[in-house]
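Asker: This is start_7.txt, which holds compact mmCIF, C-alpha atoms:
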```
# COMPACT_ATOMS: atom_id res chain seq x y z
CA MET A 1 -23.31 -14.11 2.32
CA ASP A 2 -24.43 -15.92 -0.83
CA ILE A 3 -22.56 -19.23 -0.77
CA ALA A 4 -23.52 -20.27 -4.30
CA LYS A 5 -22.19 -16.99 -5.67
CA LEU A 6 -19.01 -17.32 -3.63
CA ARG A 7 -18.53 -20.82 -4.94
CA THR A 8 -18.88 -19.85 -8.59
CA SER A 9 -16.58 -16.90 -8.30
CA LEU A 10 -13.89 -18.74 -6.31
CA LEU A 11 -14.08 -21.79 -8.57
CA SER A 12 -13.40 -19.72 -11.65
CA ALA A 13 -10.75 -17.67 -9.86
CA THR A 14 -9.00 -20.87 -8.79
CA LYS A 15 -9.12 -22.27 -12.31
CA ALA A 16 -7.62 -19.05 -13.65
CA ALA A 17 -4.91 -19.08 -10.98
CA ILE A 18 -3.99 -22.68 -11.79
CA ARG A 19 -3.86 -21.81 -15.49
CA SER A 20 -1.50 -18.89 -14.93
CA SER A 21 0.65 -20.90 -12.52
CA VAL A 22 2.05 -23.01 -15.35
CA LYS A 23 5.36 -21.43 -16.34
CA GLU A 24 8.49 -22.41 -18.21
CA ASP A 25 10.09 -23.79 -15.02
CA ASN A 26 7.27 -26.36 -14.68
CA LEU A 27 7.94 -27.55 -18.21
CA ILE A 28 11.68 -27.78 -17.65
CA ILE A 29 11.19 -29.68 -14.39
CA GLN A 30 8.89 -32.23 -16.01
CA CYS A 31 11.35 -32.70 -18.85
CA VAL A 32 14.39 -33.18 -16.62
CA ASN A 33 12.51 -35.63 -14.41
CA SER A 34 11.38 -37.52 -17.47
CA MET A 35 14.93 -37.55 -18.75
CA GLN A 36 16.19 -39.09 -15.53
CA GLU A 37 13.49 -41.73 -15.70
CA THR A 38 14.37 -42.49 -19.30
CA GLU A 39 17.95 -42.96 -18.17
CA LYS A 40 16.85 -45.40 -15.49
CA CYS A 41 14.78 -47.37 -18.00
CA ILE A 42 17.71 -47.52 -20.39
CA ASN A 43 19.99 -48.92 -17.71
CA MET A 44 17.49 -51.47 -16.54
CA MET A 45 16.62 -52.69 -20.01
CA SER A 46 20.23 -52.67 -21.17
CA LYS A 47 21.24 -54.92 -18.32
CA ARG A 48 18.57 -57.40 -19.32
CA LEU A 49 19.66 -57.22 -22.95
CA ARG A 50 23.22 -58.00 -21.92
CA GLU A 51 22.12 -61.07 -20.01
CA TRP A 52 19.95 -62.22 -22.85
CA TYR A 53 22.36 -61.52 -25.68
CA GLY A 54 25.21 -62.95 -23.59
CA LEU A 55 23.65 -66.38 -23.91
CA SER A 56 24.60 -66.57 -27.55
CA LEU A 57 27.66 -64.30 -27.80
CA PRO A 58 29.15 -63.80 -24.32
CA GLU A 59 32.51 -62.75 -25.78
CA VAL A 60 31.02 -59.74 -27.56
CA GLU A 61 28.80 -58.79 -24.62
CA HIS A 62 31.85 -58.95 -22.37
CA SER A 63 34.19 -56.86 -24.48
CA VAL A 64 31.76 -54.03 -25.39
CA GLU A 65 31.31 -51.98 -22.25
CA ASP A 66 29.13 -49.16 -23.51
CA HIS A 67 25.43 -50.02 -23.67
CA GLU A 68 24.71 -47.92 -26.74
CA THR A 69 27.61 -49.41 -28.73
CA LEU A 70 26.52 -52.91 -27.80
CA ILE A 71 22.99 -52.20 -28.97
CA ASN A 72 24.24 -50.90 -32.31
CA THR A 73 26.42 -53.98 -32.67
CA VAL A 74 23.54 -56.30 -31.86
CA LEU A 75 21.29 -54.63 -34.37
CA THR A 76 23.71 -54.24 -37.29
CA LYS A 77 25.98 -57.27 -37.23
CA SER A 78 25.32 -60.96 -37.71
CA ARG A 79 26.82 -63.72 -35.63
CA GLU A 80 29.28 -64.69 -38.37
CA GLU A 81 30.56 -61.16 -38.80
CA LEU A 82 31.08 -60.79 -35.07
CA LEU A 83 32.85 -64.12 -34.69
CA LYS A 84 35.26 -62.98 -37.34
CA GLN A 85 35.65 -59.45 -35.99
CA TYR A 86 36.43 -60.57 -32.45
CA HIS A 87 38.55 -63.55 -33.56
CA ILE A 88 36.41 -66.04 -31.71
CA THR A 89 37.23 -69.56 -32.74
CA GLU A 90 35.49 -71.39 -29.92
CA PRO A 91 32.34 -69.45 -29.01
CA MET A 92 30.93 -70.08 -25.53
CA GLY A 93 27.37 -69.53 -26.67
CA PRO A 94 25.28 -71.60 -29.02
CA GLU A 95 23.78 -70.29 -32.25
CA LEU A 96 20.19 -69.23 -31.67
CA SER A 97 17.26 -69.68 -33.99
CA ASN A 98 15.97 -66.80 -36.08
CA LYS A 99 12.94 -66.51 -33.86
CA ASP A 100 15.09 -66.06 -30.74
CA VAL A 101 17.35 -63.50 -32.41
CA THR A 102 14.36 -61.45 -33.59
CA THR A 103 12.97 -61.18 -30.06
CA ILE A 104 16.32 -60.04 -28.69
CA ASN A 105 16.67 -57.52 -31.50
CA GLU A 106 13.24 -56.10 -30.77
CA LEU A 107 14.33 -55.28 -27.25
CA ALA A 108 17.55 -53.74 -28.57
CA ALA A 109 15.59 -51.59 -31.02
CA THR A 110 13.34 -50.31 -28.23
CA ILE A 111 16.32 -49.33 -26.10
CA GLN A 112 17.82 -47.59 -29.11
CA GLN A 113 14.64 -45.53 -29.36
CA LEU A 114 14.94 -44.64 -25.68
CA PHE A 115 18.46 -43.41 -26.30
CA ALA A 116 17.11 -41.19 -29.05
CA LEU A 117 14.37 -39.93 -26.72
CA LYS A 118 16.90 -39.06 -24.05
CA GLN A 119 18.99 -37.23 -26.64
CA LYS A 120 15.98 -35.16 -27.70
CA GLN A 121 15.06 -34.37 -24.12
CA GLU A 122 18.60 -33.19 -23.46
CA GLU A 123 18.49 -30.95 -26.51
CA TYR A 124 15.16 -29.53 -25.39
CA LEU A 125 16.59 -28.78 -21.96
CA ASN A 126 19.62 -27.13 -23.51
CA VAL A 127 17.52 -24.83 -25.63
CA SER A 128 14.99 -24.02 -22.89
CA MET A 129 17.58 -23.36 -20.22
CA LYS A 130 19.55 -21.12 -22.56
CA SER A 131 16.57 -19.02 -23.50
CA TYR A 132 14.81 -18.78 -20.11
CA TYR A 133 17.62 -19.00 -17.56
CA PRO A 134 20.80 -18.00 -19.44
CA GLU A 135 22.87 -17.16 -16.34
CA LEU A 136 21.99 -20.43 -14.61
CA GLU A 137 22.80 -22.30 -17.79
CA LYS A 138 26.17 -20.57 -18.03
CA THR A 139 27.25 -21.34 -14.47
CA ALA A 140 25.69 -24.74 -13.80
CA GLY A 141 25.12 -26.11 -17.27
CA SER A 142 21.70 -27.02 -18.58
CA ILE A 143 21.33 -30.49 -17.06
CA VAL A 144 22.68 -29.74 -13.58
CA GLY A 145 20.77 -26.45 -13.62
CA ALA A 146 17.54 -28.18 -14.53
CA LYS A 147 18.09 -30.84 -11.88
CA LEU A 148 18.60 -28.15 -9.23
CA LEU A 149 15.43 -26.48 -10.45
CA ALA A 150 13.55 -29.76 -10.13
CA LYS A 151 14.81 -30.30 -6.58
CA ALA A 152 13.88 -26.77 -5.53
CA GLY A 153 10.43 -27.06 -7.12
CA SER A 154 10.40 -23.74 -8.97
CA ILE A 155 12.68 -20.93 -10.07
CA LYS A 156 11.29 -18.79 -7.25
CA HIS A 157 12.17 -21.38 -4.62
CA LEU A 158 15.65 -21.84 -6.06
CA MET A 159 16.12 -18.07 -6.14
CA GLU A 160 15.17 -17.81 -2.46
CA MET A 161 17.67 -20.47 -1.45
CA PRO A 162 20.99 -19.50 0.12
CA SER A 163 24.02 -20.89 -1.66
CA SER A 164 24.69 -23.29 1.22
CA THR A 165 21.34 -24.95 0.54
CA ILE A 166 22.00 -25.11 -3.19
CA GLN A 167 25.34 -26.71 -2.45
CA ILE A 168 23.73 -29.71 -0.75
CA LEU A 169 20.47 -29.98 -2.74
CA GLY A 170 20.07 -33.67 -3.44
CA ALA A 171 21.99 -34.73 -0.33
CA GLU A 172 19.02 -34.35 2.03
CA LYS A 173 19.44 -37.77 3.53
CA ALA A 174 23.01 -37.03 4.57
CA LEU A 175 22.03 -33.56 5.78
CA PHE A 176 19.28 -34.79 8.08
CA ARG A 177 21.53 -37.57 9.30
CA HIS A 178 23.97 -34.81 10.21
CA LEU A 179 21.32 -32.69 11.95
CA THR A 180 19.68 -35.46 13.97
CA ARG A 181 22.68 -37.64 14.75
CA SER A 182 26.03 -36.02 14.72
CA SER A 183 27.52 -37.37 11.52
CA ARG A 184 29.63 -35.13 9.30
CA PRO A 185 27.72 -32.74 7.05
CA PRO A 186 27.50 -33.43 3.30
CA LYS A 187 29.72 -31.29 1.08
CA HIS A 188 27.76 -31.56 -2.13
CA GLY A 189 24.56 -32.90 -3.66
CA ILE A 190 23.48 -32.65 -7.29
CA ILE A 191 26.26 -30.09 -7.79
CA LEU A 192 28.76 -32.95 -7.73
CA GLN A 193 27.59 -33.88 -11.22
CA HIS A 194 29.11 -30.67 -12.55
CA GLN A 195 32.54 -31.15 -14.14
CA LYS A 196 34.07 -28.36 -12.10
CA VAL A 197 33.19 -30.16 -8.87
CA ALA A 198 33.61 -33.74 -9.99
CA GLY A 199 37.03 -33.02 -11.46
CA ALA A 200 38.27 -30.84 -8.61
CA LYS A 201 40.81 -31.98 -6.10
CA GLU A 202 39.11 -30.24 -3.19
CA LYS A 203 35.52 -31.12 -3.96
CA GLY A 204 34.02 -29.33 -0.97
CA LYS A 205 35.70 -26.08 -1.89
CA ALA A 206 34.72 -26.36 -5.55
CA ALA A 207 31.14 -27.19 -4.55
CA ARG A 208 30.91 -24.14 -2.32
CA GLN A 209 32.30 -21.85 -5.01
CA LEU A 210 29.99 -23.22 -7.68
CA ALA A 211 27.00 -22.95 -5.35
CA ASN A 212 27.86 -19.31 -4.69
CA ALA A 213 27.99 -18.61 -8.40
CA ILE A 214 24.70 -20.45 -9.01
CA ALA A 215 22.92 -18.58 -6.21
CA LYS A 216 23.89 -15.30 -7.85
CA ALA A 217 23.04 -16.49 -11.35
CA VAL A 218 19.54 -17.63 -10.40
CA LYS A 219 18.80 -14.31 -8.76
CA ILE A 220 19.88 -12.47 -11.91
CA ASP A 221 17.69 -14.69 -14.10
CA TYR A 222 14.70 -14.38 -11.80
CA PHE A 223 14.75 -10.63 -11.35
CA LYS A 224 15.53 -9.88 -14.99
CA LYS A 225 12.34 -11.73 -15.82
CA GLU A 226 10.39 -9.92 -13.08
CA LYS A 227 11.52 -6.60 -14.49
CA ALA A 228 10.65 -7.45 -18.08
CA MET B 1 -21.33 -49.23 15.03
CA LYS B 2 -20.96 -46.08 17.08
CA GLN B 3 -21.82 -42.59 15.87
CA THR B 4 -18.90 -40.16 16.25
CA SER B 5 -19.06 -36.50 17.18
CA ILE B 6 -18.85 -35.61 13.49
CA ALA B 7 -22.30 -35.79 11.93
CA GLY B 8 -22.84 -38.66 9.52
CA SER B 9 -19.79 -40.67 10.50
CA TRP B 10 -19.48 -43.91 12.45
CA VAL B 11 -16.62 -45.84 14.00
CA ILE B 12 -16.19 -49.31 12.55
CA GLU B 13 -13.74 -52.11 13.20
CA ARG B 14 -11.41 -52.94 10.32
CA GLY B 15 -9.54 -56.01 11.42
CA ARG B 16 -7.51 -55.01 14.44
CA GLN B 17 -7.89 -51.32 13.69
CA GLN B 18 -10.63 -48.80 13.91
CA ALA B 19 -11.71 -46.70 10.98
CA LEU B 20 -14.55 -44.34 10.22
CA ALA B 21 -17.45 -44.94 7.87
CA VAL B 22 -19.34 -42.30 5.93
CA LYS B 23 -22.23 -42.57 3.49
CA GLY B 24 -21.61 -41.16 0.04
CA GLU B 25 -20.14 -41.52 -3.39
CA PRO B 26 -16.56 -42.86 -3.45
CA ALA B 27 -14.04 -40.25 -4.56
CA PHE B 28 -10.57 -41.71 -4.01
CA GLU B 29 -10.97 -45.36 -4.92
CA GLU B 30 -11.09 -45.92 -1.20
CA GLU B 31 -12.40 -49.14 0.34
CA SER B 32 -16.05 -49.49 0.97
CA ALA B 33 -17.77 -51.40 3.74
CA ILE B 34 -21.25 -52.87 3.64
CA ILE B 35 -22.90 -52.80 7.04
CA SER B 36 -26.42 -54.22 7.41
CA GLY B 37 -27.01 -53.79 3.70
CA VAL B 38 -25.86 -50.16 3.50
CA LYS B 39 -22.70 -49.17 1.66
CA TYR B 40 -20.25 -46.87 3.43
CA ARG B 41 -17.01 -45.20 2.41
CA VAL B 42 -14.15 -46.19 4.67
CA TRP B 43 -12.28 -43.18 6.05
CA ASP B 44 -8.76 -44.37 6.79
CA PRO B 45 -7.25 -42.81 9.94
CA ARG B 46 -3.80 -43.53 8.56
CA ARG B 47 -4.42 -41.25 5.63
CA SER B 48 -6.36 -38.52 7.36
CA LYS B 49 -5.29 -36.73 10.51
CA LEU B 50 -8.84 -35.66 11.26
CA ALA B 51 -10.01 -39.27 11.15
CA ALA B 52 -7.04 -40.25 13.30
CA ALA B 53 -7.93 -37.59 15.86
CA ILE B 54 -11.52 -38.82 16.07
CA VAL B 55 -10.49 -42.45 16.38
CA LYS B 56 -8.21 -41.40 19.23
CA GLY B 57 -11.11 -39.66 20.93
CA ALA B 58 -10.51 -35.94 20.36
CA PRO B 59 -13.43 -33.75 21.49
CA ILE B 60 -14.31 -32.55 18.00
CA SER B 61 -17.95 -31.89 17.34
CA ILE B 62 -19.00 -30.98 13.82
CA PRO B 63 -22.79 -30.95 13.25
CA THR B 64 -24.49 -31.16 9.84
CA GLY B 65 -24.48 -27.89 7.96
CA SER B 66 -21.33 -26.54 9.63
CA LYS B 67 -19.06 -24.15 7.79
CA ILE B 68 -15.43 -25.24 7.81
CA LEU B 69 -12.32 -23.33 6.83
CA TYR B 70 -9.87 -26.02 5.84
CA LEU B 71 -6.22 -24.98 5.51
CA GLY B 72 -3.92 -27.40 3.73
CA ALA B 73 -6.60 -29.26 1.78
CA SER B 74 -4.12 -31.00 -0.52
CA HIS B 75 -5.76 -33.50 -2.91
CA GLY B 76 -8.90 -33.41 -0.80
CA TYR B 77 -9.01 -36.84 0.81
CA THR B 78 -10.24 -35.58 4.18
CA VAL B 79 -12.24 -32.84 2.48
CA SER B 80 -14.22 -35.39 0.45
CA PHE B 81 -15.32 -37.20 3.62
CA LEU B 82 -16.17 -33.99 5.43
CA SER B 83 -18.20 -32.97 2.42
CA ASP B 84 -20.34 -36.12 2.81
CA CYS B 85 -20.66 -35.56 6.57
CA LEU B 86 -21.79 -31.94 6.34
CA GLY B 87 -24.47 -32.38 3.72
CA GLY B 88 -25.77 -29.82 1.24
CA ASP B 89 -26.12 -26.97 3.74
CA GLY B 90 -22.53 -27.25 4.89
CA LEU B 91 -19.55 -25.49 3.41
CA ILE B 92 -15.89 -26.38 3.22
CA LEU B 93 -13.57 -23.67 2.07
CA ALA B 94 -10.55 -25.66 0.99
CA VAL B 95 -7.35 -23.62 0.95
CA ASP B 96 -4.03 -24.80 -0.42
CA ILE B 97 -0.99 -23.04 -1.77
CA ALA B 98 0.12 -25.60 -4.37
CA PRO B 99 -1.41 -25.36 -7.86
CA ARG B 100 -0.70 -29.05 -8.54
CA VAL B 101 -2.90 -30.38 -5.74
CA MET B 102 -5.49 -27.69 -6.37
CA ARG B 103 -6.00 -29.25 -9.79
CA ASP B 104 -7.26 -32.46 -8.18
CA LEU B 105 -9.29 -30.47 -5.70
CA VAL B 106 -11.12 -28.58 -8.45
CA PHE B 107 -12.27 -31.91 -9.93
CA LEU B 108 -13.61 -32.83 -6.50
CA CYS B 109 -15.41 -29.48 -6.25
CA ASP B 110 -17.12 -30.13 -9.55
CA GLN B 111 -18.74 -33.23 -8.03
CA ARG B 112 -19.47 -31.87 -4.56
CA LYS B 113 -21.35 -28.63 -4.32
CA ASN B 114 -20.41 -27.86 -0.72
CA ILE B 115 -16.69 -27.54 -1.40
CA VAL B 116 -15.18 -24.24 -2.49
CA PRO B 117 -11.53 -24.13 -3.55
CA LEU B 118 -9.15 -21.28 -2.80
CA LEU B 119 -5.61 -21.19 -4.11
CA ALA B 120 -3.94 -19.01 -1.51
CA ASP B 121 -1.19 -18.80 1.07
CA ALA B 122 -2.63 -19.54 4.51
CA ASN B 123 0.23 -17.51 5.92
CA GLN B 124 -1.33 -14.37 4.44
CA PRO B 125 -5.04 -14.43 5.27
CA GLN B 126 -5.18 -10.70 4.60
CA LEU B 127 -4.97 -11.57 0.89
CA TYR B 128 -8.04 -13.85 0.94
CA PRO B 129 -11.11 -12.63 -0.91
CA GLU B 130 -14.17 -11.69 1.13
CA LEU B 131 -15.29 -14.77 3.07
CA PRO B 132 -18.15 -15.66 5.40
CA MET B 133 -17.50 -16.53 9.07
CA PHE B 134 -16.80 -20.18 9.87
CA ASP B 135 -17.81 -22.56 12.67
CA VAL B 136 -14.73 -24.71 12.46
CA LEU B 137 -11.13 -24.07 11.45
CA PHE B 138 -9.10 -27.12 10.52
CA GLN B 139 -5.43 -26.81 9.72
CA ASP B 140 -2.93 -29.33 8.44
CA VAL B 141 -0.04 -27.48 6.83
CA ALA B 142 3.61 -28.47 6.78
CA GLN B 143 5.00 -25.06 7.74
CA ARG B 144 7.38 -23.92 10.41
CA ASN B 145 5.02 -21.36 11.92
CA GLN B 146 1.99 -23.65 12.12
CA ALA B 147 0.63 -22.14 15.33
CA GLU B 148 1.04 -18.60 14.05
CA ILE B 149 -0.83 -19.43 10.85
CA LEU B 150 -3.69 -20.89 12.85
CA LEU B 151 -3.99 -17.81 15.05
CA LYS B 152 -3.90 -15.46 12.05
CA ASN B 153 -6.76 -17.35 10.43
CA THR B 154 -9.00 -17.25 13.47
CA THR B 155 -10.20 -13.84 12.25
CA PHE B 156 -12.54 -15.83 10.01
CA LEU B 157 -13.81 -17.94 12.92
CA LYS B 158 -17.04 -17.20 14.81
CA LYS B 159 -16.79 -16.57 18.54
CA GLY B 160 -16.89 -19.94 20.30
CA GLY B 161 -15.91 -21.72 17.08
CA ILE B 162 -13.40 -24.52 17.36
CA THR B 163 -9.99 -24.90 15.77
CA ILE B 164 -8.39 -28.22 15.05
CA LEU B 165 -4.66 -28.01 14.47
CA ALA B 166 -2.74 -31.02 13.23
CA ILE B 167 0.85 -30.35 14.23
CA LYS B 168 3.61 -31.89 12.22
CA ALA B 169 6.62 -31.76 14.55
CA ARG B 170 9.01 -32.63 11.75
CA SER B 171 8.30 -29.48 9.80
CA ILE B 172 8.72 -27.22 12.82
CA ASP B 173 12.16 -28.49 13.83
CA ILE B 174 13.54 -31.90 13.05
CA THR B 175 16.29 -31.66 15.64
CA LYS B 176 13.96 -31.07 18.59
CA ASN B 177 12.06 -33.64 20.56
CA PRO B 178 8.47 -33.76 19.17
CA VAL B 179 6.95 -33.80 22.67
CA GLN B 180 8.76 -30.53 23.44
CA ILE B 181 7.44 -28.99 20.20
CA PHE B 182 3.88 -30.06 21.01
CA LYS B 183 4.16 -28.46 24.43
CA GLU B 184 5.50 -25.18 23.02
CA THR B 185 2.83 -25.05 20.32
CA LYS B 186 0.12 -25.66 22.88
CA GLU B 187 1.42 -22.81 25.04
CA LEU B 188 1.47 -20.49 22.04
CA ILE B 189 -2.13 -21.27 21.21
CA ALA B 190 -3.28 -21.11 24.82
CA LYS B 191 -2.33 -17.42 24.87
CA GLN B 192 -5.21 -16.52 22.58
CA MET B 193 -7.57 -19.50 22.70
CA ASP B 194 -9.03 -21.96 25.19
CA VAL B 195 -7.27 -25.24 24.55
CA LEU B 196 -9.70 -28.13 24.98
CA GLN B 197 -7.36 -31.03 24.45
CA MET B 198 -4.11 -32.13 22.90
CA ILE B 199 -3.87 -35.65 21.54
CA SER B 200 -0.89 -37.48 20.13
CA LEU B 201 -1.66 -39.34 16.91
CA GLU B 202 0.79 -42.18 17.58
CA PRO B 203 0.78 -44.84 16.25
CA LEU B 204 -1.45 -43.73 13.36
CA GLU B 205 0.85 -40.84 12.41
CA LYS B 206 4.41 -40.53 13.60
CA ASP B 207 5.46 -37.27 15.33
CA HIS B 208 2.03 -35.71 14.89
CA ALA B 209 -0.42 -34.35 17.42
CA VAL B 210 -3.77 -32.59 17.27
CA ILE B 211 -4.73 -29.59 19.36
CA VAL B 212 -8.40 -28.74 19.70
CA ALA B 213 -9.14 -25.23 20.94
CA ARG B 214 -12.03 -22.80 21.18
CA LYS B 215 -12.07 -19.14 20.19
CA ARG B 216 -12.67 -16.82 23.11
```
Go ahead and express the file in the form of structure tokens.
Answerer:
Amino acid sequence: MDIAKLRTSLLSATKAAIRSSVKEDNLIIQCVNSMQETEKCINMMSKRLREWYGLSLPEVEHSVEDHETLINTVLTKSREELLKQYHITEPMGPELSNKDVTTINELAATIQQLFALKQKQEEYLNVSMKSYYPELEKTAGSIVGAKLLAKAGSIKHLMEMPSSTIQILGAEKALFRHLTRSSRPPKHGIILQHQKVAGAKEKGKAARQLANAIAKAVKIDYFKKEKA
Amino acid sequence: MKQTSIAGSWVIERGRQQALAVKGEPAFEEESAIISGVKYRVWDPRRSKLAAAIVKGAPISIPTGSKILYLGASHGYTVSFLSDCLGGDGLILAVDIAPRVMRDLVFLCDQRKNIVPLLADANQPQLYPELPMFDVLFQDVAQRNQAEILLKNTTFLKKGGITILAIKARSIDITKNPVQIFKETKELIAKQMDVLQMISLEPLEKDHAVIVARKR
């Protein structure tokens, strides 16, 4: 057998196969993973900003709980305005020089941009999930749906999963703890982030019901696409 | 420096541990070792189950110019070293099912002319394109039916060719004792092949073993 010929033909076949393996689910998975990383960055950087900004105006840092609101406050209002607004007569922090304030504001502005990025990524996920996997989007919502997709690895893998697996996707550590040592099994994984489960009184029951619905929805989405 | 049973590779001491050394161009930003003025690539037995098996003394003989069917090639770490060992007349047919790792493998194939990539499911060898017969079958896949996959693929192995199976006990059944799984897998393989040796890869790889067998 001619090895050189085999090599050329298989190399180009492999390249073609890799090219055609990129589908909408890959794009959604990358986006949702990126979104979660953006979220992590925001939290990390916001905590630092709080510490830093708290040196000069601890009262404001303390009373504004939401990161995004604090950042907007930092960026738009001066020290004098804030002292007046929060009725602070004896501030715990000293007044900082212009140079110091500018550096802090630069960090705040960067985090603000990250918030905008996360917003855009969420919108993208919303639109993509609605157009490619409408049933999944309807039952699980776009973010939870995309996260499940990311955990499963592809729409095909998620479609092949029984609802009991979908129910505990994201709780692998607890599941394997249950299988190897006899701890109690997990009731829910990523699914817990869905309002229906998080707000339910019996979370295990709600998780099972939602997982059932999702398992059906994914199959509908997958096979509708196959047929088309 | 001791020559191993794989052509073009030597055992070297790296601190308290042993590793393998191979001549060739670096491909994975791996360490290099200079021994009596010659530069070698260091083949880390903690990253490669084949290297681990050789360090542990498995009876694996791969001469220059061999043809290897490699199932579960992944990014191609082990494949890149084998490629240097086999030389220009050798052939490694690197099979993997995941497009993502195949991407990295294709870049490796561009540099090394004796590697051929194949994006396929090792569980379904009947779907492979037409292939030559191989001298060696190496398998390292994280699937439940690892032994079955190996046996299916022996149709592409010459009579008397050897198979090297890296068993990952954790992907067969995480609730069972690994030693039990190794024993069962060995029995399964022994039905159709002559098992030469089974070696545990502890402490280089946890819950892994290698079975070397010969096709009847």
Asker: Just need the residues of chain A within 7 Å of chain B, counting all atoms listed in the file, so spit them out as a list in words.
Answerer: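 Interface list for chain A against chain B: Met1, Arg7, Leu10, Leu11, Thr14, Ile18, Ser21, Leu179 and Thr180 of chain A.
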Asker: Which residues are close to region 146-155 of chain A, i.e. within 9 Å by only C-alpha atoms, leaving aside same-chain residues fewer than 6 positions away? Reply as a list in words.
Answerer: Asp25, Asn26, Ile28, Ile29, Gln30, Cys31, Val32, Asn33, Leu125, Met129, Leu136, Glu137, Ala140, Met161, Ile166, Leu169, Gly170, Ile190, Ile191, Val218, Asp221 and Tyr222 of chain A
Asker: Filtering to C-alpha atoms, could you give me those residues as a tab-separated table (two decimals), keeping the file's coordinate frame?
Answerer:
```tsv
chain	number	residue	atom	x	y	z
A	25	ASP	CA	10.09	-23.79	-15.02
A	26	ASN	CA	7.27	-26.36	-14.68
A	28	ILE	CA	11.68	-27.78	-17.65
A	29	ILE	CA	11.19	-29.68	-14.39
A	30	GLN	CA	8.89	-32.23	-16.01
A	31	CYS	CA	11.35	-32.70	-18.85
A	32	VAL	CA	14.39	-33.18	-16.62
A	33	ASN	CA	12.51	-35.63	-14.41
A	125	LEU	CA	16.59	-28.78	-21.96
A	129	MET	CA	17.58	-23.36	-20.22
A	136	LEU	CA	21.99	-20.43	-14.61
A	137	GLU	CA	22.80	-22.30	-17.79
A	140	ALA	CA	25.69	-24.74	-13.80
A	161	MET	CA	17.67	-20.47	-1.45
A	166	ILE	CA	22.00	-25.11	-3.19
A	169	LEU	CA	20.47	-29.98	-2.74
A	170	GLY	CA	20.07	-33.67	-3.44
A	190	ILE	CA	23.48	-32.65	-7.29
A	191	ILE	CA	26.26	-30.09	-7.79
A	218	VAL	CA	19.54	-17.63	-10.40
A	221	ASP	CA	17.69	-14.69	-14.10
A	222	TYR	CA	14.70	-14.38	-11.80
```
Asker: Show me, as a PyMOL selection string, the residues that have an atom within 12 Å of Ser61 (chain B) when counting all atoms listed in the file, minus same-chain residues fewer than 4 positions from it.
Answerer: chain B and resi 3-9+50+53-54+57+66+68+85-86+135-137+161-164+196+212-214
Asker: Near Asn153 (chain B), counting only C-alpha atoms, which residues have an atom at most 10 Å away, once you skip same-chain residues fewer than 4 positions from it, shown as a PyMOL selection string?
Answerer: chain B and resi 69+71+122-126+137+139+148-149+157+163
Asker: For a test of reading the model, state the distance in Å between CA of Cys41 (chain A) and CA of Ile71 (chain A), rounded to one decimal.
Answerer: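 These atoms are spaced 14.5 Å apart.
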Asker: Counting all atoms listed in the file, what is within 9 Å of region 140-142 of chain B, bar same-chain residues fewer than 4 positions away, as a list in words?
Answerer: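 The neighbour list is Lys49, Tyr70, Leu71, Gly72, Ala73, Asp96, Ala122, Gln146, Ile164, Leu165, Ala166, Ile167, Lys168, Ala169, Arg170, Ser171 and Ile172 of chain B.
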Asker: Compare A:Tyr86, A:Tyr53, A:His67, A:Ala217 by their minimum atom-to-atom distance to Pro134 (chain A), counting all atoms listed in the file, and give me the closest one.
Answerer: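 Residue with the minimum atom-to-atom distance to Pro134 (chain A): A:Ala217.
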Asker: Which residues are near Asp84 (chain B)? Cut-off 8 Å, all atoms listed in the file, ignore same chain within fewer than 4 positions. Put them as JSON, numbers by chain.
Answerer: {"B": [8, 22, 23, 24, 80]}
Asker: I need the chosen residues saved as a tab-separated table (two decimals), in the frame of the given file, with C-alpha atoms.
Answerer:
```
chain	number	residue	atom	x	y	z
B	8	GLY	CA	-22.84	-38.66	9.52
B	22	VAL	CA	-19.34	-42.30	5.93
B	23	LYS	CA	-22.23	-42.57	3.49
B	24	GLY	CA	-21.61	-41.16	0.04
B	80	SER	CA	-14.22	-35.39	0.45
```
Asker: What does the structure give for the distance between CA of Lys196 (chain A) and CA of Glu172 (chain A), in Å to one decimal?
Answerer: 21.5 Å
Asker: Here is a test: counting all atoms listed in the file, which residue of A:Ala109, A:Leu82, A:Ser34, A:Ile104 is nearest to Glu68 (chain A)?
Answerer: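 Of A:Ala109, A:Leu82, A:Ser34, A:Ile104, the one nearest Glu68 (chain A) is A:Ala109, counting all atoms listed in the file.
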